[in-house]
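The data block below is upload_31.cif; it holds mmCIF, C-alpha atoms and all ligand atoms.
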data_data
#
loop_
_atom_site.label_atom_id
_atom_site.label_comp_id
_atom_site.auth_asym_id
_atom_site.auth_seq_id
_atom_site.Cartn_x
_atom_site.Cartn_y
_atom_site.Cartn_z
CA MET V 1496 30.81 -20.27 17.34
CA MET V 1497 30.99 -19.00 13.77
CA ASN V 1498 28.59 -21.76 12.76
CA VAL V 1499 26.05 -20.64 15.33
CA VAL V 1500 26.33 -17.03 14.16
CA ALA V 1501 26.04 -18.11 10.52
CA SER V 1502 22.93 -20.20 11.15
CA LEU V 1503 21.32 -17.42 13.19
CA LEU V 1504 22.00 -14.99 10.35
CA ALA V 1505 20.60 -17.45 7.81
CA ALA V 1506 17.45 -17.94 9.92
CA ALA V 1507 16.97 -14.16 10.18
CA LEU V 1508 17.43 -13.81 6.43
CA ILE V 1509 14.91 -16.54 5.65
CA ALA V 1510 12.40 -14.99 8.06
CA ALA V 1511 12.86 -11.55 6.49
CA THR V 1512 12.56 -12.69 2.87
CA GLY V 1513 9.64 -14.97 3.78
CA CYS V 1514 7.69 -12.01 5.19
CA ALA V 1515 8.37 -9.87 2.17
CA SER V 1516 7.15 -12.33 -0.41
CA ALA V 1517 4.33 -14.39 1.05
CA ASN V 1518 1.92 -13.76 3.89
CA GLU V 1519 0.30 -16.35 6.14
CA SER V 1520 -2.45 -17.29 3.67
CA GLY V 1521 0.05 -18.35 1.00
CA VAL V 1522 -0.50 -15.37 -1.29
CA ARG V 1523 2.56 -13.96 -3.00
CA LEU V 1524 1.94 -10.23 -2.91
CA ASP V 1525 2.76 -7.81 -5.68
CA PRO V 1526 5.25 -5.35 -4.09
CA ALA V 1527 3.91 -1.77 -3.94
CA PRO V 1528 6.12 0.79 -5.68
CA VAL V 1529 5.48 3.32 -2.89
CA ARG V 1530 7.52 6.52 -3.03
CA ARG V 1531 6.98 8.29 0.27
CA LEU V 1532 8.65 11.58 -0.60
CA ASP V 1533 7.07 11.95 -4.06
CA VAL V 1534 4.70 14.87 -3.44
CA ASP V 1535 3.07 14.68 -6.92
CA SER V 1536 2.21 11.03 -6.36
CA LEU V 1537 0.79 11.84 -2.90
CA GLN V 1538 -1.37 14.63 -4.36
CA ARG V 1539 -2.72 12.31 -7.05
CA GLY V 1540 -3.31 9.66 -4.37
CA ALA V 1541 -5.31 12.15 -2.27
CA ARG V 1542 -7.50 12.97 -5.29
CA ASN V 1543 -8.00 9.26 -6.06
CA PHE V 1544 -8.92 8.55 -2.45
CA VAL V 1545 -11.46 11.38 -2.27
CA ASN V 1546 -13.01 10.51 -5.64
CA TYR V 1547 -13.23 6.77 -5.27
CA CYS V 1548 -13.03 5.72 -1.61
CA LEU V 1549 -14.40 8.48 0.62
CA ASN V 1550 -17.99 7.63 -0.34
CA CYS V 1551 -17.76 4.58 1.85
CA HIS V 1552 -14.51 4.76 3.86
CA GLY V 1553 -13.46 7.58 6.18
CA ALA V 1554 -10.02 8.50 7.46
CA GLN V 1555 -11.03 9.74 10.88
CA TYR V 1556 -7.51 10.60 12.09
CA MET V 1557 -6.70 12.74 9.06
CA ARG V 1558 -7.72 16.41 8.96
CA TYR V 1559 -8.16 18.12 5.59
CA ASN V 1560 -5.88 21.01 6.54
CA ARG V 1561 -3.05 18.57 7.23
CA LEU V 1562 -2.97 17.99 3.45
CA THR V 1563 -1.06 21.27 3.21
CA ASP V 1564 1.88 18.93 4.01
CA LEU V 1565 1.54 17.73 0.42
CA GLY V 1566 2.15 21.18 -1.00
CA LEU V 1567 -1.57 22.00 -1.45
CA THR V 1568 -3.05 25.34 -0.38
CA GLU V 1569 -6.16 25.43 1.79
CA ASP V 1570 -8.12 26.80 -1.20
CA GLN V 1571 -7.00 23.93 -3.42
CA ILE V 1572 -8.01 21.47 -0.71
CA ARG V 1573 -11.40 23.16 -0.26
CA ASP V 1574 -12.13 23.36 -4.00
CA ASN V 1575 -10.89 19.93 -5.08
CA LEU V 1576 -10.91 17.50 -2.22
CA MET V 1577 -13.67 18.37 0.21
CA PHE V 1578 -17.40 17.81 0.41
CA PRO V 1579 -18.94 21.33 0.45
CA THR V 1580 -20.45 20.77 3.91
CA ASP V 1581 -17.11 19.94 5.58
CA LYS V 1582 -14.84 22.45 7.32
CA ILE V 1583 -11.12 22.69 6.50
CA GLY V 1584 -10.26 21.62 10.05
CA SER V 1585 -12.56 18.59 10.07
CA THR V 1586 -11.45 15.01 9.66
CA MET V 1587 -12.03 13.04 6.46
CA THR V 1588 -15.32 11.34 7.21
CA ALA V 1589 -17.15 9.01 4.83
CA ALA V 1590 -20.12 10.31 2.89
CA MET V 1591 -22.15 7.23 3.77
CA SER V 1592 -23.47 6.79 7.31
CA LYS V 1593 -22.34 3.73 9.28
CA ALA V 1594 -25.94 2.51 9.58
CA ASP V 1595 -26.54 2.66 5.79
CA ALA V 1596 -23.22 0.96 5.12
CA ALA V 1597 -23.98 -1.84 7.57
CA ALA V 1598 -27.42 -2.30 6.01
CA TRP V 1599 -26.09 -2.41 2.44
CA PHE V 1600 -22.95 -4.44 2.85
CA GLY V 1601 -23.52 -6.38 6.07
CA THR V 1602 -19.97 -5.41 7.02
CA PRO V 1603 -19.37 -1.68 7.39
CA PRO V 1604 -16.41 -0.36 5.36
CA PRO V 1605 -13.58 0.10 7.90
CA ASP V 1606 -11.86 3.43 8.53
CA LEU V 1607 -8.70 3.60 6.42
CA SER V 1608 -6.61 6.05 8.53
CA VAL V 1609 -4.14 3.46 9.72
CA GLU V 1610 -4.97 0.66 7.28
CA ALA V 1611 -1.48 0.81 5.74
CA ARG V 1612 0.05 0.09 9.13
CA VAL V 1613 -2.34 -2.77 9.80
CA ARG V 1614 -2.08 -4.51 6.44
CA GLY V 1615 1.09 -3.05 4.92
CA ALA V 1616 1.50 -1.24 1.60
CA ASP V 1617 2.18 -4.43 -0.41
CA TRP V 1618 -1.06 -5.99 0.83
CA LEU V 1619 -3.07 -2.86 -0.03
CA TYR V 1620 -1.53 -2.63 -3.49
CA SER V 1621 -2.14 -6.31 -4.16
CA TYR V 1622 -5.70 -6.03 -2.85
CA LEU V 1623 -6.50 -3.18 -5.25
CA VAL V 1624 -5.03 -5.03 -8.23
CA GLY V 1625 -6.44 -8.36 -7.01
CA PHE V 1626 -10.12 -8.07 -8.01
CA TYR V 1627 -11.47 -10.51 -10.58
CA ARG V 1628 -14.86 -11.42 -12.06
CA ASP V 1629 -16.75 -14.07 -10.11
CA GLU V 1630 -20.37 -14.64 -11.12
CA LYS V 1631 -20.98 -16.65 -7.96
CA SER V 1632 -20.34 -13.75 -5.59
CA VAL V 1633 -23.01 -11.21 -4.59
CA THR V 1634 -21.18 -8.23 -6.10
CA GLY V 1635 -20.00 -10.14 -9.19
CA TRP V 1636 -16.39 -9.68 -8.00
CA ASN V 1637 -13.96 -11.60 -5.87
CA ASN V 1638 -10.42 -10.89 -4.71
CA LEU V 1639 -7.29 -13.00 -4.73
CA VAL V 1640 -5.90 -11.37 -1.59
CA PHE V 1641 -9.20 -11.06 0.33
CA PRO V 1642 -11.40 -14.01 -0.71
CA ASN V 1643 -15.15 -13.31 -0.77
CA VAL V 1644 -14.71 -9.65 0.12
CA VAL V 1645 -18.00 -7.74 0.19
CA MET V 1646 -16.49 -4.54 -1.20
CA PRO V 1647 -17.45 -4.19 -4.86
CA HIS V 1648 -14.61 -3.52 -7.33
CA VAL V 1649 -15.27 0.23 -7.40
CA LEU V 1650 -12.40 0.92 -9.81
CA TRP V 1651 -13.47 -1.61 -12.42
CA HIS V 1652 -14.27 0.89 -15.17
CA LEU V 1653 -10.64 2.07 -14.91
CA SER V 1654 -9.01 -1.35 -14.60
CA GLY V 1655 -11.34 -3.42 -16.77
CA ALA V 1656 -12.15 -6.95 -15.67
CA GLN V 1657 -9.67 -9.67 -14.81
CA LYS V 1658 -10.39 -13.38 -14.76
CA LEU V 1659 -9.00 -16.13 -12.56
CA VAL V 1660 -6.46 -18.51 -14.10
CA LYS V 1661 -5.73 -21.82 -12.34
CA THR V 1662 -2.64 -23.90 -13.06
CA GLU V 1663 -2.31 -27.40 -11.55
CA TYR V 1664 0.96 -28.72 -10.08
CA GLU V 1665 1.89 -32.16 -8.78
CA ASP V 1666 3.12 -31.02 -5.38
CA GLN V 1667 3.67 -28.05 -3.13
CA GLU V 1668 7.26 -27.45 -4.15
CA LYS V 1669 6.43 -27.24 -7.86
CA ALA V 1670 3.43 -25.03 -7.10
CA GLU V 1671 5.51 -22.61 -5.08
CA ALA V 1672 8.10 -22.44 -7.84
CA GLY V 1673 5.22 -21.80 -10.28
CA ALA V 1674 3.88 -18.99 -8.06
CA ILE V 1675 7.31 -17.33 -7.99
CA ALA V 1676 7.64 -17.71 -11.76
CA ALA V 1677 4.26 -15.97 -12.20
CA ARG V 1678 6.03 -12.71 -11.14
CA GLY V 1679 3.34 -10.81 -9.31
CA LEU V 1680 0.21 -11.70 -7.47
CA ALA V 1681 -0.20 -15.49 -7.11
CA LEU V 1682 -1.91 -17.81 -4.64
CA ALA V 1683 -0.74 -21.42 -4.16
CA GLU V 1684 -3.37 -23.70 -2.62
CA PRO V 1685 -3.61 -27.46 -1.98
CA VAL V 1686 -6.34 -29.33 -3.88
CA ALA V 1687 -7.35 -33.01 -3.75
CA ASP V 1688 -4.84 -35.95 -3.95
CA GLY V 1689 -1.84 -33.95 -2.73
CA LYS V 1690 -1.98 -31.82 -5.88
CA TRP V 1691 -1.62 -28.06 -5.77
CA THR V 1692 -3.04 -25.24 -7.82
CA VAL V 1693 -1.68 -21.76 -8.40
CA LYS V 1694 -4.22 -18.97 -8.94
CA THR V 1695 -3.18 -15.93 -10.94
CA LEU V 1696 -5.13 -13.22 -12.76
CA ALA V 1697 -5.33 -12.32 -16.44
CA GLN V 1698 -6.96 -9.35 -18.18
CA ASP V 1699 -10.34 -10.31 -19.60
CA THR V 1700 -11.93 -7.10 -20.80
CA PRO V 1701 -10.03 -3.79 -21.03
CA GLY V 1702 -10.87 -0.73 -18.93
CA GLU V 1703 -10.38 2.98 -19.53
CA MET V 1704 -6.75 2.62 -18.42
CA SER V 1705 -4.05 0.28 -19.61
CA ALA V 1706 -2.74 -2.22 -17.05
CA ILE V 1707 0.33 -0.03 -16.50
CA GLU V 1708 -1.74 3.14 -16.02
CA TYR V 1709 -4.04 1.38 -13.57
CA LYS V 1710 -1.10 0.11 -11.53
CA ALA V 1711 0.33 3.63 -11.39
CA PHE V 1712 -3.10 4.93 -10.26
CA VAL V 1713 -3.23 2.31 -7.49
CA ALA V 1714 0.41 3.01 -6.50
CA ASP V 1715 -0.46 6.71 -5.96
CA LEU V 1716 -3.49 5.70 -3.89
CA VAL V 1717 -1.45 3.30 -1.74
CA ASN V 1718 1.26 5.95 -1.38
CA PHE V 1719 -1.40 8.29 0.02
CA LEU V 1720 -2.84 5.63 2.37
CA ASP V 1721 0.70 4.92 3.57
CA TYR V 1722 1.22 8.66 4.18
CA ILE V 1723 -2.01 9.17 6.18
CA ALA V 1724 -1.16 6.17 8.36
CA GLU V 1725 1.79 8.19 9.68
CA PRO V 1726 1.89 11.76 8.32
CA VAL V 1727 4.93 12.79 10.38
CA ARG V 1728 7.05 10.04 8.87
CA ASN V 1729 8.22 12.27 6.02
CA ASP V 1730 9.39 14.86 8.57
CA ARG V 1731 11.15 12.10 10.44
CA ILE V 1732 12.97 10.96 7.28
CA MET V 1733 14.01 14.55 6.47
CA ILE V 1734 15.25 15.14 10.04
CA GLY V 1735 17.20 11.88 9.81
CA ILE V 1736 18.88 12.97 6.59
CA VAL V 1737 19.79 16.40 8.05
CA VAL V 1738 21.18 14.76 11.21
CA MET V 1739 23.31 12.36 9.15
CA ILE V 1740 24.72 15.24 7.07
CA TYR V 1741 25.42 17.19 10.29
CA LEU V 1742 27.20 14.22 11.89
CA GLY V 1743 29.19 13.68 8.69
CA LEU V 1744 30.39 17.30 8.66
CA LEU V 1745 31.15 17.16 12.38
CA PHE V 1746 33.18 13.99 11.87
CA ALA V 1747 35.23 15.63 9.11
CA LEU V 1748 35.91 18.65 11.34
CA VAL V 1749 36.83 16.60 14.41
CA TYR V 1750 39.07 14.37 12.31
CA ALA V 1751 40.86 17.41 10.88
CA LEU V 1752 41.27 18.76 14.42
CA LYS V 1753 42.68 15.45 15.63
CA ARG V 1754 45.24 15.41 12.82
CA SER V 1755 46.25 18.94 13.60
CA TYR V 1756 46.70 18.15 17.35
CA TRP V 1757 48.80 15.05 16.71
CA LYS V 1758 50.82 16.55 13.87
CA ASP V 1759 53.82 17.46 16.00
CA ILE V 1760 53.85 14.24 18.05
CA HIS V 1761 54.01 11.63 15.26
C1 LIG V 1801 -19.29 1.13 -2.18
C2 LIG V 1801 -18.58 1.28 -0.96
C3 LIG V 1801 -17.08 1.16 -0.99
C4 LIG V 1801 -16.20 1.92 -1.71
C5 LIG V 1801 -16.51 3.07 -2.67
C6 LIG V 1801 -14.88 1.47 -1.35
N1 LIG V 1801 -14.96 0.45 -0.45
FE1 LIG V 1801 -13.38 -0.50 0.44
N2 LIG V 1801 -14.68 -1.70 1.48
C7 LIG V 1801 -16.06 -1.60 1.44
C8 LIG V 1801 -16.62 -2.61 2.31
C9 LIG V 1801 -18.10 -2.85 2.56
C10 LIG V 1801 -15.52 -3.31 2.90
C11 LIG V 1801 -15.57 -4.46 3.90
C12 LIG V 1801 -15.26 -5.72 3.13
C13 LIG V 1801 -15.31 -6.99 3.93
O1 LIG V 1801 -15.01 -6.97 5.13
O2 LIG V 1801 -15.66 -8.03 3.31
C14 LIG V 1801 -14.32 -2.71 2.34
C15 LIG V 1801 -13.03 -3.13 2.63
C16 LIG V 1801 -11.88 -2.49 2.22
C17 LIG V 1801 -10.54 -2.87 2.61
C18 LIG V 1801 -10.16 -4.03 3.49
C19 LIG V 1801 -10.21 -3.62 4.92
C20 LIG V 1801 -9.71 -4.70 5.84
O3 LIG V 1801 -8.54 -4.60 6.23
O4 LIG V 1801 -10.48 -5.60 6.16
C21 LIG V 1801 -9.69 -1.97 2.01
C22 LIG V 1801 -8.19 -1.92 2.13
C23 LIG V 1801 -10.50 -1.07 1.23
N3 LIG V 1801 -11.82 -1.40 1.37
C24 LIG V 1801 -9.97 -0.05 0.46
C25 LIG V 1801 -10.74 0.75 -0.36
C26 LIG V 1801 -10.18 1.77 -1.22
C27 LIG V 1801 -8.69 2.10 -1.33
C28 LIG V 1801 -11.21 2.34 -1.88
C29 LIG V 1801 -11.14 3.40 -2.95
C30 LIG V 1801 -10.53 2.98 -4.19
C31 LIG V 1801 -12.43 1.68 -1.43
N4 LIG V 1801 -12.10 0.73 -0.51
C32 LIG V 1801 -13.71 2.01 -1.87
C33 LIG V 1801 -16.80 -0.71 0.69
C34 LIG V 1801 -16.29 0.23 -0.18
#

Translate the structure described by the file into structure tokens.
Amino acid sequence: MMNVVASLLAAALIAATGCASANESGVRLDPAPVRRLDVDSLQRGARNFVNYCLNCHGAQYMRYNRLTDLGLTEDQIRDNLMFPTDKIGSTMTAAMSKADAAAWFGTPPPDLSVEARVRGADWLYSYLVGFYRDEKSVTGWNNLVFPNVVMPHVLWHLSGAQKLVKTEYEDQEKAEAGAIAARGLALAEPVADGKWTVKTLAQDTPGEMSAIEYKAFVADLVNFLDYIAEPVRNDRIMIGIVVMIYLGLLFALVYALKRSYWKDIH
């Protein structure tokens, strides 16, 4: 019986760690340092989203006035985050029309309201740090997490350009060990003759930000995308904390009461 329980636990553990580190395409994602309750990070993320993403992507389930959740006043939202033609109660719609986007890119940029729930924060973070130079692609960029993506690397002047680095391994096991050792984004793929290659990225030309600054910029952005995917989650976490404190206090009181009732009997 214990053996069965132990193997079930082991299987669950393997499944859980497997999901966290590699997704179905064999990419080892770079974990996103998302801090849900960090209001400063969320405010910076909102600014980054409006400045760099809202040209093409909307967030149709997010209303501007909801951003007061992040400690911003309606005037701050109006002055810093909105297109002048929008109303404070309107949703965050993309500047570009769907028809133009479809004509320019072939694939229209998807709405990003619930993207963090679809793809997960680690995927989003890895995607935004996963662009590299590829002269063969139409935009001049490719992505380790989303091969042949048609979105151009719109943040490239901040990040600078990365290049692809390929390392060959004799077999899958060695390649996977190599991908883990790369510490960060890595893609293990089979090549000819049973050999494997691990693709990683290296800085080629510098951008306006250092690698650390760029990662912090992307972390704020992903934090914001994670927030808009479920804005009430922060309230839920706070309510949970309050309930736990309440139950803790109640337990202490009830325990004290119990001791007082039984005092004379024992
Ligand atoms: C110039 C227009 C443009 C801008 C600006 C832009 N994107 Fe995109 N984005 C696209 C297009 C087009 C696609 C569709 C790519 C495809 O399917 O190959 C896309 C795809 C994506 C995807 C993948 C969606 C999916 O799940 O398939 C994510 C995530 C994304 N963009 C995030 C962002 C973020 C975050 C920003 C701001 C930093 C941004 N984009 C700025 C055009 C843009």

>> At a cut-off of 10 Å, using only C-alpha atoms, what residues contact Asn1546 (chain V)? Leave out same-chain residues fewer than 5 positions from it and give the result as number ranges by chain.
In response: V: 1540-1541, 1575-1577

Go ahead and save the picked residues with C-alpha atoms, as a JSON list (two decimals), in the coordinates of the input.
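Listed below is the output, again-v2.json:
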[["chain", "number", "residue", "atom", "x", "y", "z"],
["V", 1540, "GLY", "CA", -3.31, 9.66, -4.37],
["V", 1541, "ALA", "CA", -5.31, 12.15, -2.27],
["V", 1575, "ASN", "CA", -10.89, 19.93, -5.08],
["V", 1576, "LEU", "CA", -10.91, 17.50, -2.22],
["V", 1577, "MET", "CA", -13.67, 18.37, 0.21]]

>> When you count all atoms listed in the file, which of these residues is closest to ligand LIG 1801 (chain V): V:Lys1582, V:Arg1558, V:Lys1593, V:Arg1531?
In response: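 Result for the nearest residue to ligand LIG 1801 (chain V): V:Lys1593.
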
>> Counting all atoms listed in the file, which residues sit no farther than 10 Å from the position (2.6, -17.8, -9.3) in the file's frame? I'd like them as a list in words.
In response: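 Nearby residues: Val1522, Arg1523, Leu1524, Lys1661, Thr1662, Ala1670, Glu1671, Ala1672, Gly1673, Ala1674, Ile1675, Ala1676, Ala1677, Arg1678, Gly1679, Leu1680, Ala1681, Leu1682, Ala1683, Thr1692, Val1693, Lys1694, Thr1695 and Leu1696 of chain V.
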
Keeping only C-alpha atoms, take the residues you just selected and write them out as a short mmCIF file (atom, residue, chain, number, x, y, z; two decimals), in the coordinates of the input.
data_model
loop_
_atom_site.label_atom_id
_atom_site.label_comp_id
_atom_site.auth_asym_id
_atom_site.auth_seq_id
_atom_site.Cartn_x
_atom_site.Cartn_y
_atom_site.Cartn_z
CA VAL V 1522 -0.50 -15.37 -1.29
CA ARG V 1523 2.56 -13.96 -3.00
CA LEU V 1524 1.94 -10.23 -2.91
CA LYS V 1661 -5.73 -21.82 -12.34
CA THR V 1662 -2.64 -23.90 -13.06
CA ALA V 1670 3.43 -25.03 -7.10
CA GLU V 1671 5.51 -22.61 -5.08
CA ALA V 1672 8.10 -22.44 -7.84
CA GLY V 1673 5.22 -21.80 -10.28
CA ALA V 1674 3.88 -18.99 -8.06
CA ILE V 1675 7.31 -17.33 -7.99
CA ALA V 1676 7.64 -17.71 -11.76
CA ALA V 1677 4.26 -15.97 -12.20
CA ARG V 1678 6.03 -12.71 -11.14
CA GLY V 1679 3.34 -10.81 -9.31
CA LEU V 1680 0.21 -11.70 -7.47
CA ALA V 1681 -0.20 -15.49 -7.11
CA LEU V 1682 -1.91 -17.81 -4.64
CA ALA V 1683 -0.74 -21.42 -4.16
CA THR V 1692 -3.04 -25.24 -7.82
CA VAL V 1693 -1.68 -21.76 -8.40
CA LYS V 1694 -4.22 -18.97 -8.94
CA THR V 1695 -3.18 -15.93 -10.94
CA LEU V 1696 -5.13 -13.22 -12.76
#

>> Which residues are near Pro1526 (chain V)? Cut-off 10 Å, all atoms listed in the file, ignore same chain within fewer than 4 positions. Put them as JSON, numbers by chain.
In response: {"V": [1515, 1516, 1616, 1617, 1618, 1619, 1620, 1621, 1679, 1680, 1714]}

> Got a sec to check which residues sit within 6 Å of (-10.2, 8.2, 11.5), counting only C-alpha atoms, and write them as a PyMOL selection string?
Replying inline: chain V and resi 1554-1556+1606+1608
